[in-house]
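Novice: Structure provided below as structure tokens; questions to follow.
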Amino acid sequence: MTDAHVLVRAAGLTVRFGSTVVVDSVSLSLAAGECLAIVGESGSGKTLTARALLGLLPDGAVLSADELLIDGADVRRNSEADWRRIRGARVGLVSQDALVSLDPLRRVGREVAEVLEIHGDPVSGHRMPWAALDETVTTQLGRVAMPEPEERARQYPHELSGGLRQRALIASALAGKPGVLIADEPTTALDVTVQAQVLDLLSGLRDDGLGIIVISHDLAVVAGIADRVAVMRSGRIVEVGATVEVLSNPRHPYTRMLLAAAPRLPDASFPESSFPEPVEGSRPSTSSGGDPVLRATGLGRDFRRPDGGVRSAVDDVSFDVLPAAAIGIVGESGSGKTTLARLLLGFDAPDRGSVTLDGQPWSGITEGRRRSRRGDIQYISQDPLGSFDPRYTVSRIVAEGLRGGSRLSSRTRAARIRTLLDSVGLDASLAGRRPHELSGGQRQRVAIARAIASEPRILVCDEPVSALDVSIQATIIDLLAGLRRDLGVALVFVSHDLAVVATLCDDVLVMRDGRVVESGAIGEVFAHPRHPFTRALVDAVPRMP
């Protein structure tokens, strides 16, 4: 590899906050047509390293480097104006917080068009007329597997699912045809089939000469796209090398720990016995029998399309959840998983059907009648930052979930909060921080701590571990399994990650276009899928080498 092919070169890259070193003497390089993955636990410094390459470090951060070249240019002394000329045109960014990154007051199409409005046509540099902009935006959305791209371009971010928002971000980052793409957890919110499409897209762009730096906690995703992988811990790169070599024969103990913690979906040829055994006496029912803690009967929810038509986001869904049971709900982005979760929680009212909690009406009643039972059913969302008051500290956020919180002494409340933070792998020293001071993984753990603070009977989890690194993900899965085993807490677990669902859940509902197309025991459904759509989901799951 000659210097002419090197797009990014960093040597001795260091980031400090005061006297605290958070990125410590990192050296890396990226060639045209290469994908470099940076992996490590939340807080390891991988995102700060990537943002240093874009001049997007937070206030108070001080950058130093022996060498820092972007496309041959020394950027160590770049002004903000210099960085603005680079971002979008020469280096694109896909961040992990799609809802925060997209302007809530701007339609998706205008978001994608922004880089073209700033930098002009990627080839000529000339200003693009509106008609050409709209055509390019539609093309870009189509390239990242956005369904109905013309309609989605007219929508606002809050009208899209998490996966669709992430695809809009990727389209925006690629619109200016940059030479380098920095992708921070680019497939975190995507279902496995769309994840495979996006990885294929990124692989194709890499083959065409795009240099890609992927930040990810998903080692299976890394295995499917990266040429080289750098493993970070506590601000340092502890191991680097060819992806197959690092993931197959890791030298550093930390790398071996990450690999051991990664969830895996057994091969479809494995017998059903290769899947985890259900919690004794807690097999959930996807039929109408038994004595459920939660029952959904014929649920339906419709939405009005912009053209005046009606789309059924959930259509005729029925199932029961018994105490201490865990049901996984899987399907593509936009299949109705999150809408179903909102119906179960009573956040939205069904247009058809009903929900009961402990045999008592839960849908079709006022929120005032629900209030005394709200602590029995709690929600863990896929977007923790959007669910937090940005003015609140971590301690106050977690305290919101405590039963009788206002009647507890300050000492008792503080002790309970420390216990909750410890149970989700967070240090008590974070209690005084605010949401924007936490990493994505740390915010997700705070959301889980708040949800379990009320000692609920059932947790409705919408992608609760999607933003977590594999070791903390394993800790949270063990925590949820412990809540089932020790306290009888039931779980409804919405996820695009079939490996995580297979690790935690007993039964699964497979959703497509608002309907359940297949259901049953995890081992039966994933090892021997009957429906073609289920087979496609299982086949699309990325595998480790």
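Convention: chains lettered A, B, ... in structure tokens order; per-chain residue numbering from 1; ligands numbered from 1 as shown.
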Going by DSSP on the backbone, which residues of stretch 179-265 of chain A come out as helix (DSSP H, G or I)? List them as a PyMOL selection string.
Specialist: chain A and resi 192-207+219-225+243-248+253-261
Novice: Give me the residues near stretch 457-468 of chain A as a list in words, where near means some atom within 6 Å (using only C-alpha atoms) and where sequence neighbours in that chain fewer than 2 positions away do not count.
Specialist: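 After dropping sequence-adjacent residues, the list is Thr188, Asp376, Ile377, Gln378, Tyr379, Ile380, Ser381, Gln382, Gly441, Gln473, Val489, Ala490, Leu491, Val492, Phe493, Val494 and Ser495 of chain A.
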Novice: Those residues you just picked out, can you put them in a file as a JSON list (two decimals), in the first residue's frame with N, CA and C atoms?
Specialist:
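Saved as selection.json:
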[["chain", "number", "residue", "atom", "x", "y", "z"],
["A", 188, "THR", "N", -26.97, -0.69, 13.96],
["A", 188, "THR", "CA", -27.51, -0.97, 15.29],
["A", 188, "THR", "C", -29.02, -1.10, 15.30],
["A", 376, "ASP", "N", -46.64, -1.98, 37.30],
["A", 376, "ASP", "CA", -46.61, -3.41, 37.03],
["A", 376, "ASP", "C", -46.13, -3.73, 35.62],
["A", 377, "ILE", "N", -46.22, -2.79, 34.71],
["A", 377, "ILE", "CA", -45.77, -2.99, 33.34],
["A", 377, "ILE", "C", -44.89, -1.81, 32.94],
["A", 378, "GLN", "N", -43.65, -2.08, 32.66],
["A", 378, "GLN", "CA", -42.68, -1.02, 32.37],
["A", 378, "GLN", "C", -42.08, -1.21, 30.98],
["A", 379, "TYR", "N", -41.49, -0.11, 30.48],
["A", 379, "TYR", "CA", -41.03, -0.04, 29.10],
["A", 379, "TYR", "C", -39.55, 0.27, 29.06],
["A", 380, "ILE", "N", -38.82, -0.46, 28.24],
["A", 380, "ILE", "CA", -37.42, -0.15, 27.93],
["A", 380, "ILE", "C", -37.35, 0.12, 26.44],
["A", 381, "SER", "N", -37.05, 1.36, 26.06],
["A", 381, "SER", "CA", -37.14, 1.75, 24.65],
["A", 381, "SER", "C", -35.80, 1.60, 23.94],
["A", 382, "GLN", "N", -35.86, 1.70, 22.60],
["A", 382, "GLN", "CA", -34.64, 1.64, 21.81],
["A", 382, "GLN", "C", -33.97, 3.00, 21.70],
["A", 441, "GLY", "N", -24.32, 3.39, 25.12],
["A", 441, "GLY", "CA", -24.50, 2.21, 25.94],
["A", 441, "GLY", "C", -24.83, 2.55, 27.38],
["A", 473, "GLN", "N", -23.97, -6.27, 27.07],
["A", 473, "GLN", "CA", -25.16, -6.94, 26.55],
["A", 473, "GLN", "C", -25.37, -8.27, 27.26],
["A", 489, "VAL", "N", -40.67, -11.99, 36.78],
["A", 489, "VAL", "CA", -40.96, -10.93, 35.82],
["A", 489, "VAL", "C", -41.08, -11.53, 34.42],
["A", 490, "ALA", "N", -42.14, -11.18, 33.73],
["A", 490, "ALA", "CA", -42.34, -11.64, 32.35],
["A", 490, "ALA", "C", -41.77, -10.62, 31.38],
["A", 491, "LEU", "N", -41.35, -11.08, 30.20],
["A", 491, "LEU", "CA", -40.73, -10.22, 29.21],
["A", 491, "LEU", "C", -41.44, -10.33, 27.87],
["A", 492, "VAL", "N", -41.68, -9.20, 27.25],
["A", 492, "VAL", "CA", -42.00, -9.13, 25.82],
["A", 492, "VAL", "C", -40.81, -8.42, 25.20],
["A", 493, "PHE", "N", -40.05, -9.13, 24.38],
["A", 493, "PHE", "CA", -38.74, -8.67, 23.95],
["A", 493, "PHE", "C", -38.75, -8.43, 22.45],
["A", 494, "VAL", "N", -38.84, -7.16, 22.06],
["A", 494, "VAL", "CA", -38.84, -6.76, 20.65],
["A", 494, "VAL", "C", -37.40, -6.55, 20.21],
["A", 495, "SER", "N", -37.00, -7.23, 19.15],
["A", 495, "SER", "CA", -35.61, -7.11, 18.71],
["A", 495, "SER", "C", -35.46, -7.54, 17.26]]
Novice: Can you tell me which residues surround A:Thr297 at a distance of at most 8 Å, considering only C-alpha atoms, apart from same-chain residues fewer than 3 positions away, and format the answer as a list in words?
Specialist: Asp316, Val317, Ser318, Phe319, Gly353, Ser354 and Val355 of chain A
Novice: Quick one: write out the picked residues with N, CA and C atoms as a PDB file, in the first residue's frame?
Specialist:
ATOM      1  N   ASP A 316     -54.730  -8.106  13.602  1.00  0.00           N
ATOM      2  CA  ASP A 316     -55.215  -9.382  14.132  1.00  0.00           C
ATOM      3  C   ASP A 316     -54.116 -10.168  14.845  1.00  0.00           C
ATOM      4  N   VAL A 317     -53.478  -9.535  15.826  1.00  0.00           N
ATOM      5  CA  VAL A 317     -52.415 -10.182  16.599  1.00  0.00           C
ATOM      6  C   VAL A 317     -52.963 -10.626  17.952  1.00  0.00           C
ATOM      7  N   SER A 318     -52.776 -11.903  18.285  1.00  0.00           N
ATOM      8  CA  SER A 318     -53.230 -12.454  19.565  1.00  0.00           C
ATOM      9  C   SER A 318     -52.123 -13.308  20.170  1.00  0.00           C
ATOM     10  N   PHE A 319     -51.899 -13.152  21.460  1.00  0.00           N
ATOM     11  CA  PHE A 319     -50.990 -14.031  22.194  1.00  0.00           C
ATOM     12  C   PHE A 319     -51.124 -13.759  23.683  1.00  0.00           C
ATOM     13  N   GLY A 353     -59.645  -5.081  18.729  1.00  0.00           N
ATOM     14  CA  GLY A 353     -59.103  -5.988  19.715  1.00  0.00           C
ATOM     15  C   GLY A 353     -58.904  -5.345  21.075  1.00  0.00           C
ATOM     16  N   SER A 354     -58.241  -6.087  21.978  1.00  0.00           N
ATOM     17  CA  SER A 354     -58.099  -5.608  23.352  1.00  0.00           C
ATOM     18  C   SER A 354     -56.831  -6.162  23.991  1.00  0.00           C
ATOM     19  N   VAL A 355     -56.428  -5.504  25.093  1.00  0.00           N
ATOM     20  CA  VAL A 355     -55.314  -5.937  25.926  1.00  0.00           C
ATOM     21  C   VAL A 355     -55.802  -6.016  27.364  1.00  0.00           C
TER      22      VAL A 355
END
Novice: Need to verify the contact set: stretch 106-114 of chain A, 8 Å, only C-alpha atoms, exclusion of same-chain residues closer than 6 positions in sequence. Can you return it as a ChimeraX atom specification?
Specialist: /A:133-134,137-138,152-157,168-169,171-173,175
Novice: As an exercise, work out the distance from atom CA of A:Val91 to atom CA of A:Ala37 in Å and give it to one decimal place.
Specialist: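 Taking atom CA of A:Val91 and atom CA of A:Ala37, their separation equals 16.1 Å.
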Novice: List as a list in words the protein and nucleic acid residues near A:Pro147, meaning an atom at most 12 Å away when only C-alpha atoms are counted, but skip any in the same chain fewer than 6 places from it.
Specialist: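 The residues that qualify are Thr138, Thr139, Gln140, Leu141, Ala153, Leu160, Ser161, Gly163, Leu164, Arg165, Arg167, Ala168, Val194, Glu332, Ser333, Gly334 and Ser335 of chain A.
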Novice: What's the 6 Å shell around stretch 203-218 of chain A, counting only C-alpha atoms, without same-chain residues fewer than 6 positions away, as a list in words?
Specialist: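 Answer for this query is Ala32, Gly33, Glu34, Cys35, Leu36, Ala37, Ile38, Val39, Gly179, Val180, Leu181, Ile182, Ala183, Asp184, Glu185 and Asp469 of chain A.
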Novice: Give me a file of those residues, with N, CA and C atoms, as an mmCIF file, in the first residue's frame.
Specialist:
data_model
loop_
_atom_site.group_PDB
_atom_site.id
_atom_site.type_symbol
_atom_site.label_atom_id
_atom_site.label_comp_id
_atom_site.auth_asym_id
_atom_site.auth_seq_id
_atom_site.Cartn_x
_atom_site.Cartn_y
_atom_site.Cartn_z
ATOM 1 N N ALA A 32 -7.814 3.543 0.500
ATOM 2 C CA ALA A 32 -8.956 3.517 -0.410
ATOM 3 C C ALA A 32 -9.349 2.073 -0.666
ATOM 4 N N GLY A 33 -10.646 1.798 -0.630
ATOM 5 C CA GLY A 33 -11.119 0.447 -0.867
ATOM 6 C C GLY A 33 -10.915 -0.494 0.299
ATOM 7 N N GLU A 34 -10.745 0.053 1.504
ATOM 8 C CA GLU A 34 -10.526 -0.773 2.693
ATOM 9 C C GLU A 34 -11.547 -0.423 3.763
ATOM 10 N N CYS A 35 -11.910 -1.411 4.575
ATOM 11 C CA CYS A 35 -12.762 -1.177 5.736
ATOM 12 C C CYS A 35 -12.001 -1.554 6.995
ATOM 13 N N LEU A 36 -11.848 -0.582 7.880
ATOM 14 C CA LEU A 36 -11.225 -0.785 9.179
ATOM 15 C C LEU A 36 -12.307 -0.723 10.245
ATOM 16 N N ALA A 37 -12.417 -1.745 11.073
ATOM 17 C CA ALA A 37 -13.380 -1.748 12.171
ATOM 18 C C ALA A 37 -12.664 -1.440 13.474
ATOM 19 N N ILE A 38 -13.293 -0.606 14.309
ATOM 20 C CA ILE A 38 -12.791 -0.329 15.650
ATOM 21 C C ILE A 38 -13.833 -0.855 16.620
ATOM 22 N N VAL A 39 -13.440 -1.819 17.447
ATOM 23 C CA VAL A 39 -14.377 -2.450 18.375
ATOM 24 C C VAL A 39 -13.869 -2.286 19.793
ATOM 25 N N GLY A 179 -14.899 10.374 0.015
ATOM 26 C CA GLY A 179 -13.905 9.325 -0.150
ATOM 27 C C GLY A 179 -13.793 8.443 1.080
ATOM 28 N N VAL A 180 -14.169 9.001 2.248
ATOM 29 C CA VAL A 180 -14.096 8.280 3.516
ATOM 30 C C VAL A 180 -15.460 8.331 4.187
ATOM 31 N N LEU A 181 -15.911 7.191 4.682
ATOM 32 C CA LEU A 181 -17.155 7.126 5.452
ATOM 33 C C LEU A 181 -16.827 6.601 6.835
ATOM 34 N N ILE A 182 -17.204 7.375 7.863
ATOM 35 C CA ILE A 182 -17.064 6.930 9.243
ATOM 36 C C ILE A 182 -18.448 6.539 9.726
ATOM 37 N N ALA A 183 -18.619 5.263 10.021
ATOM 38 C CA ALA A 183 -19.931 4.724 10.386
ATOM 39 C C ALA A 183 -19.888 4.257 11.834
ATOM 40 N N ASP A 184 -20.563 5.001 12.705
ATOM 41 C CA ASP A 184 -20.598 4.701 14.131
ATOM 42 C C ASP A 184 -21.848 3.878 14.421
ATOM 43 N N GLU A 185 -21.687 2.579 14.580
ATOM 44 C CA GLU A 185 -22.805 1.644 14.775
ATOM 45 C C GLU A 185 -23.849 1.791 13.656
ATOM 46 N N ASP A 469 -22.348 -2.817 24.050
ATOM 47 C CA ASP A 469 -21.275 -3.697 23.638
ATOM 48 C C ASP A 469 -21.555 -5.101 24.163
#
Novice: Per residue of stretch 374-416 of chain A within 12 Å of stretch 422-426 of chain A, what are the shortest atom pair and its distance in Å to one decimal, counting only C-alpha atoms, with rows by chain and residue number, as CSV?
Specialist:
residue,atom,partner,partner_atom,distance
A:Val394,CA,A:Leu426,CA,10.5
A:Ser395,CA,A:Leu426,CA,11.7
A:Val398,CA,A:Val424,CA,11.7
A:Ala415,CA,A:Asp422,CA,10.6
A:Arg416,CA,A:Asp422,CA,9.9
Novice: Would you save the residues of that selection, restricted to C-alpha atoms, as a PDB file, in the first residue's frame?
Specialist:
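As written to disk, again_26.pdb reads:
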ATOM      1  CA  VAL A 394     -28.899   9.988  36.184  1.00  0.00           C
ATOM      2  CA  SER A 395     -29.933   9.737  39.835  1.00  0.00           C
ATOM      3  CA  VAL A 398     -33.648   6.368  37.883  1.00  0.00           C
ATOM      4  CA  ALA A 415     -28.919   3.384  48.361  1.00  0.00           C
ATOM      5  CA  ARG A 416     -31.627   1.972  46.084  1.00  0.00           C
TER       6      ARG A 416
END
Novice: Determine, counting only C-alpha atoms, which protein, DNA and RNA residues have an atom within 7 Å of an atom of stretch 517-525 of chain A; residues of the same chain fewer than 6 positions away are not included. Present the result as a PyMOL selection string.
Specialist: chain A and resi 272+275+502+506-511+531
Novice: Selection from above, N, CA and C atoms, as a PDB file, in the first residue's frame, can you write it?
Specialist:
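Below is the file selection.pdb, written as the result:
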ATOM      1  N   GLU A 272     -33.088 -28.779  17.930  1.00  0.00           N
ATOM      2  CA  GLU A 272     -33.731 -27.813  18.812  1.00  0.00           C
ATOM      3  C   GLU A 272     -33.087 -27.788  20.189  1.00  0.00           C
ATOM      4  N   PHE A 275     -30.715 -24.940  21.558  1.00  0.00           N
ATOM      5  CA  PHE A 275     -31.206 -23.657  22.044  1.00  0.00           C
ATOM      6  C   PHE A 275     -31.376 -23.727  23.560  1.00  0.00           C
ATOM      7  N   ALA A 502     -32.817 -15.607  20.737  1.00  0.00           N
ATOM      8  CA  ALA A 502     -32.623 -17.038  20.966  1.00  0.00           C
ATOM      9  C   ALA A 502     -31.969 -17.304  22.313  1.00  0.00           C
ATOM     10  N   ASP A 506     -38.179 -17.864  25.263  1.00  0.00           N
ATOM     11  CA  ASP A 506     -38.692 -19.218  25.101  1.00  0.00           C
ATOM     12  C   ASP A 506     -39.431 -19.369  23.776  1.00  0.00           C
ATOM     13  N   ASP A 507     -40.312 -18.412  23.501  1.00  0.00           N
ATOM     14  CA  ASP A 507     -41.130 -18.445  22.295  1.00  0.00           C
ATOM     15  C   ASP A 507     -40.885 -17.192  21.469  1.00  0.00           C
ATOM     16  N   VAL A 508     -41.337 -17.213  20.224  1.00  0.00           N
ATOM     17  CA  VAL A 508     -41.130 -16.077  19.336  1.00  0.00           C
ATOM     18  C   VAL A 508     -42.338 -15.883  18.441  1.00  0.00           C
ATOM     19  N   LEU A 509     -42.648 -14.623  18.174  1.00  0.00           N
ATOM     20  CA  LEU A 509     -43.616 -14.243  17.152  1.00  0.00           C
ATOM     21  C   LEU A 509     -42.839 -13.586  16.024  1.00  0.00           C
ATOM     22  N   VAL A 510     -43.036 -14.045  14.802  1.00  0.00           N
ATOM     23  CA  VAL A 510     -42.391 -13.452  13.633  1.00  0.00           C
ATOM     24  C   VAL A 510     -43.425 -12.596  12.923  1.00  0.00           C
ATOM     25  N   MET A 511     -43.137 -11.273  12.809  1.00  0.00           N
ATOM     26  CA  MET A 511     -44.091 -10.348  12.222  1.00  0.00           C
ATOM     27  C   MET A 511     -43.631  -9.878  10.848  1.00  0.00           C
ATOM     28  N   HIS A 531     -42.118 -20.771   7.528  1.00  0.00           N
ATOM     29  CA  HIS A 531     -42.505 -19.694   6.616  1.00  0.00           C
ATOM     30  C   HIS A 531     -41.280 -19.182   5.852  1.00  0.00           C
TER      31      HIS A 531
END
Novice: By how many Å are atom CA of A:Val62 and atom CA of A:Phe17 apart?
Specialist: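 Taking atom CA of A:Val62 and atom CA of A:Phe17, their separation equals 6.4 Å.
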Novice: According to DSSP computed on the backbone, where in stretch 391-532 of chain A is there strand (DSSP E or B)? Give the residues as an mmCIF file with N, CA and C atoms, in the first residue's frame.
Specialist:
data_model
loop_
_atom_site.group_PDB
_atom_site.id
_atom_site.type_symbol
_atom_site.label_atom_id
_atom_site.label_comp_id
_atom_site.auth_asym_id
_atom_site.auth_seq_id
_atom_site.Cartn_x
_atom_site.Cartn_y
_atom_site.Cartn_z
ATOM 1 N N ILE A 458 -44.101 -7.202 34.470
ATOM 2 C CA ILE A 458 -43.813 -7.460 33.057
ATOM 3 C C ILE A 458 -43.027 -6.285 32.494
ATOM 4 N N LEU A 459 -42.014 -6.600 31.702
ATOM 5 C CA LEU A 459 -41.215 -5.598 31.004
ATOM 6 C C LEU A 459 -41.455 -5.751 29.508
ATOM 7 N N VAL A 460 -41.804 -4.650 28.861
ATOM 8 C CA VAL A 460 -41.895 -4.615 27.404
ATOM 9 C C VAL A 460 -40.625 -3.940 26.916
ATOM 10 N N CYS A 461 -39.776 -4.708 26.244
ATOM 11 C CA CYS A 461 -38.435 -4.255 25.876
ATOM 12 C C CYS A 461 -38.352 -4.068 24.370
ATOM 13 N N ASP A 462 -38.099 -2.839 23.928
ATOM 14 C CA ASP A 462 -37.981 -2.543 22.500
ATOM 15 C C ASP A 462 -36.515 -2.289 22.185
ATOM 16 N N ALA A 490 -42.142 -11.176 33.726
ATOM 17 C CA ALA A 490 -42.340 -11.638 32.353
ATOM 18 C C ALA A 490 -41.772 -10.615 31.382
ATOM 19 N N LEU A 491 -41.352 -11.084 30.204
ATOM 20 C CA LEU A 491 -40.734 -10.215 29.215
ATOM 21 C C LEU A 491 -41.443 -10.332 27.869
ATOM 22 N N VAL A 492 -41.683 -9.195 27.253
ATOM 23 C CA VAL A 492 -41.997 -9.130 25.824
ATOM 24 C C VAL A 492 -40.806 -8.418 25.204
ATOM 25 N N PHE A 493 -40.053 -9.125 24.382
ATOM 26 C CA PHE A 493 -38.737 -8.671 23.948
ATOM 27 C C PHE A 493 -38.752 -8.433 22.446
ATOM 28 N N VAL A 494 -38.839 -7.157 22.062
ATOM 29 C CA VAL A 494 -38.842 -6.765 20.655
ATOM 30 C C VAL A 494 -37.401 -6.552 20.206
ATOM 31 N N ASP A 507 -40.312 -18.412 23.501
ATOM 32 C CA ASP A 507 -41.130 -18.445 22.295
ATOM 33 C C ASP A 507 -40.885 -17.192 21.469
ATOM 34 N N VAL A 508 -41.337 -17.213 20.224
ATOM 35 C CA VAL A 508 -41.130 -16.077 19.336
ATOM 36 C C VAL A 508 -42.338 -15.883 18.441
ATOM 37 N N LEU A 509 -42.648 -14.623 18.174
ATOM 38 C CA LEU A 509 -43.616 -14.243 17.152
ATOM 39 C C LEU A 509 -42.839 -13.586 16.024
ATOM 40 N N VAL A 510 -43.036 -14.045 14.802
ATOM 41 C CA VAL A 510 -42.391 -13.452 13.633
ATOM 42 C C VAL A 510 -43.425 -12.596 12.923
ATOM 43 N N MET A 511 -43.137 -11.273 12.809
ATOM 44 C CA MET A 511 -44.091 -10.348 12.222
ATOM 45 C C MET A 511 -43.631 -9.878 10.848
ATOM 46 N N ARG A 512 -44.623 -9.715 9.965
ATOM 47 C CA ARG A 512 -44.368 -9.133 8.662
ATOM 48 C C ARG A 512 -45.616 -8.373 8.228
ATOM 49 N N ARG A 515 -48.698 -8.463 10.584
ATOM 50 C CA ARG A 515 -49.313 -9.734 10.956
ATOM 51 C C ARG A 515 -48.260 -10.721 11.470
ATOM 52 N N VAL A 516 -48.685 -11.663 12.299
ATOM 53 C CA VAL A 516 -47.815 -12.735 12.760
ATOM 54 C C VAL A 516 -47.848 -13.845 11.719
ATOM 55 N N VAL A 517 -46.701 -14.120 11.088
ATOM 56 C CA VAL A 517 -46.647 -15.132 10.031
ATOM 57 C C VAL A 517 -46.174 -16.483 10.559
ATOM 58 N N GLU A 518 -45.533 -16.482 11.744
ATOM 59 C CA GLU A 518 -45.103 -17.739 12.334
ATOM 60 C C GLU A 518 -44.880 -17.511 13.822
ATOM 61 N N SER A 519 -45.196 -18.515 14.647
ATOM 62 C CA SER A 519 -44.978 -18.409 16.083
ATOM 63 C C SER A 519 -44.734 -19.792 16.644
ATOM 64 N N GLY A 520 -44.114 -19.813 17.832
ATOM 65 C CA GLY A 520 -43.852 -21.081 18.481
ATOM 66 C C GLY A 520 -42.590 -21.045 19.306
ATOM 67 N N ALA A 521 -42.137 -22.200 19.747
ATOM 68 C CA ALA A 521 -40.924 -22.306 20.545
ATOM 69 C C ALA A 521 -39.718 -21.852 19.731
#
Novice: How many Å lie between atom CA of A:Ser27 and atom CA of A:Gln166, rounded to one decimal?
Specialist: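 We find that atom CA of A:Ser27 and atom CA of A:Gln166 lie 29.2 Å from each other.
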